[in-house]
Amino acid sequence: MKLTFLGCGDAFGSGGRFNTCFHVAGETGRFLVDCGASSLIALRRSGVDLNAIGAIFLSHLHGDHFGGLPFFLLDAQFMSRRAAPLTIAGPEGLPARLHELQEALFPRSSENRPRFELNLVELPAGERQEVAGVAVTTVAMDHFSGTPSNALRLEAEGRVLAYSGDTAWTPALIAAAQGADVFICEASFRGRKVTGHMDVDDLLAHMAEIGAKRTVLTHMGDDMLARPAPEGTMKAHDGLEIVF
């Protein structure tokens, strides 16, 4: 499978990076992990076939992680002329929050009847279910977003991709990422405790317990961007590709 970081920035555009949006391509399907506000631009720049994306998995409902959905859906309806089904899976409360976002950005856009089958799937924290050919397990994280914020453990084609979403350190992250082929972890700060966000020193103290084959740091603020990657990790950048 191939993982492409279309966007790995934080909410503040640190380093001039796009908001969070990861593209995963396998032999049997393609999906996105998060779809931040700038994601349609990042997708266009990368040349990804939008109509080949079968599902979008959302960690939580902050603008830099799901704010690109109204743009994606308008494009699917009027520009890309999508015909294939699309599944959007995210925390409980997703349908209502998406409706509110669509109406805030493009009034009456939520009334458009899609030309394609659109499925909204709520993912209760602590459960595992099959969605669009991917086994997804959600684990509650420590990050306020108005609805639950989850880590995602995604299993497809014999591979495991784990993603912290946004969170301060919590022991629940160990189970979410344990033994993953690739673990993508928020890394907003180092040596600094900020409510709801990761101090990388806390992550490093538990790397052996997590035991992921590869750990990639994302969502970095300016301080983290200026530092080298800590031992045992690598730093994401927009356009980074990983085959796993």
# chains A, B, ... in the order shown; residues from 1 in each chain; ligands from 1
>>> residues_around(residues="range 54-71 of chain A", least_positions_apart="2", cutoff="8 Å", atoms="only C-alpha atoms", output="MDAnalysis selection string")
chainID A and resid 10:11 19:21 29:40 51:52 73:75 84:91 94 97:98 101:102 105:106 132 145:152 164:166
>>> residues_around(residues="Arg227 in chain A", least_positions_apart="3", cutoff="12 Å", atoms="only C-alpha atoms", output="PyMOL selection string")
chain A and resi 187-190+200+217+220-224+230-231+234-235
>>> select_by_dssp(residues="range 133-219 of chain A", states="helix (DSSP H, G or I)", output="list in words")
Ala172, Leu173, Ile174, Ala175, Ala176, Ala177, Val200, Asp201, Asp202, Leu203, Leu204, Met207, Ala208, Glu209 and Ile210 of chain A
>>> atom_distance(atom1="CA of Leu225 in chain A", atom2="CA of Asp181 in chain A")
23.9 Å
>>> residues_around(residues="Lys2 in chain A", least_positions_apart="6", cutoff="7 Å", atoms="only C-alpha atoms", output="compact mmCIF listing (two decimals) with C-alpha atoms, in the first residue's frame")
# COMPACT_ATOMS: atom_id res chain seq x y z
CA VAL A 24 -3.90 5.65 0.98
CA ALA A 25 -3.83 3.59 -2.22
CA GLY A 26 -3.96 -0.18 -2.26
CA GLU A 241 5.18 8.94 0.13
CA ILE A 242 5.59 5.74 2.14
CA VAL A 243 5.07 2.25 0.76
CA PHE A 244 4.19 -0.26 3.46
>>> residues_around(residues="Ala176 in chain A", least_positions_apart="2", cutoff="10 Å", atoms="only C-alpha atoms", output="list in words")
Gly126, Thr137, Thr138, Val139, Ala140, Met141, Asn150, Ala151, Leu152, Arg153, Leu154, Leu161, Ala162, Tyr163, Ser164, Pro171, Ala172, Leu173, Ile174, Gln178, Gly179, Ala180, Phe183 and Ile210 of chain A
>>> write_last_selection(atoms="C-alpha atoms", output="PDB file, in the first residue's frame")
ATOM      1  CA  GLY A 126     -14.002   1.830  21.219  1.00  0.00           C
ATOM      2  CA  THR A 137     -11.103   0.665  15.145  1.00  0.00           C
ATOM      3  CA  THR A 138     -11.641   3.928  17.011  1.00  0.00           C
ATOM      4  CA  VAL A 139     -10.074   4.813  20.367  1.00  0.00           C
ATOM      5  CA  ALA A 140     -11.096   7.900  22.347  1.00  0.00           C
ATOM      6  CA  MET A 141      -8.379  10.551  22.622  1.00  0.00           C
ATOM      7  CA  ASN A 150     -10.599   9.451  18.080  1.00  0.00           C
ATOM      8  CA  ALA A 151      -7.420   7.721  17.112  1.00  0.00           C
ATOM      9  CA  LEU A 152      -7.946   5.515  14.060  1.00  0.00           C
ATOM     10  CA  ARG A 153      -6.550   2.038  13.532  1.00  0.00           C
ATOM     11  CA  LEU A 154      -7.136   1.107   9.900  1.00  0.00           C
ATOM     12  CA  LEU A 161      -2.125   2.154   9.577  1.00  0.00           C
ATOM     13  CA  ALA A 162      -2.628   3.902  12.916  1.00  0.00           C
ATOM     14  CA  TYR A 163      -3.266   7.619  13.345  1.00  0.00           C
ATOM     15  CA  SER A 164      -3.489   9.521  16.610  1.00  0.00           C
ATOM     16  CA  PRO A 171      -2.244   5.549  27.549  1.00  0.00           C
ATOM     17  CA  ALA A 172      -5.096   4.604  25.200  1.00  0.00           C
ATOM     18  CA  LEU A 173      -2.803   5.536  22.324  1.00  0.00           C
ATOM     19  CA  ILE A 174      -0.668   2.458  23.017  1.00  0.00           C
ATOM     20  CA  GLN A 178       0.540  -1.074  18.921  1.00  0.00           C
ATOM     21  CA  GLY A 179       2.494  -2.986  16.297  1.00  0.00           C
ATOM     22  CA  ALA A 180       1.198  -0.868  13.403  1.00  0.00           C
ATOM     23  CA  PHE A 183       1.910   5.036  13.070  1.00  0.00           C
ATOM     24  CA  ILE A 210       3.773   1.047  21.074  1.00  0.00           C
TER      25      ILE A 210
END
>>> atom_distance(atom1="CA of Ala175 in chain A", atom2="CA of Ile53 in chain A")
27.9 Å
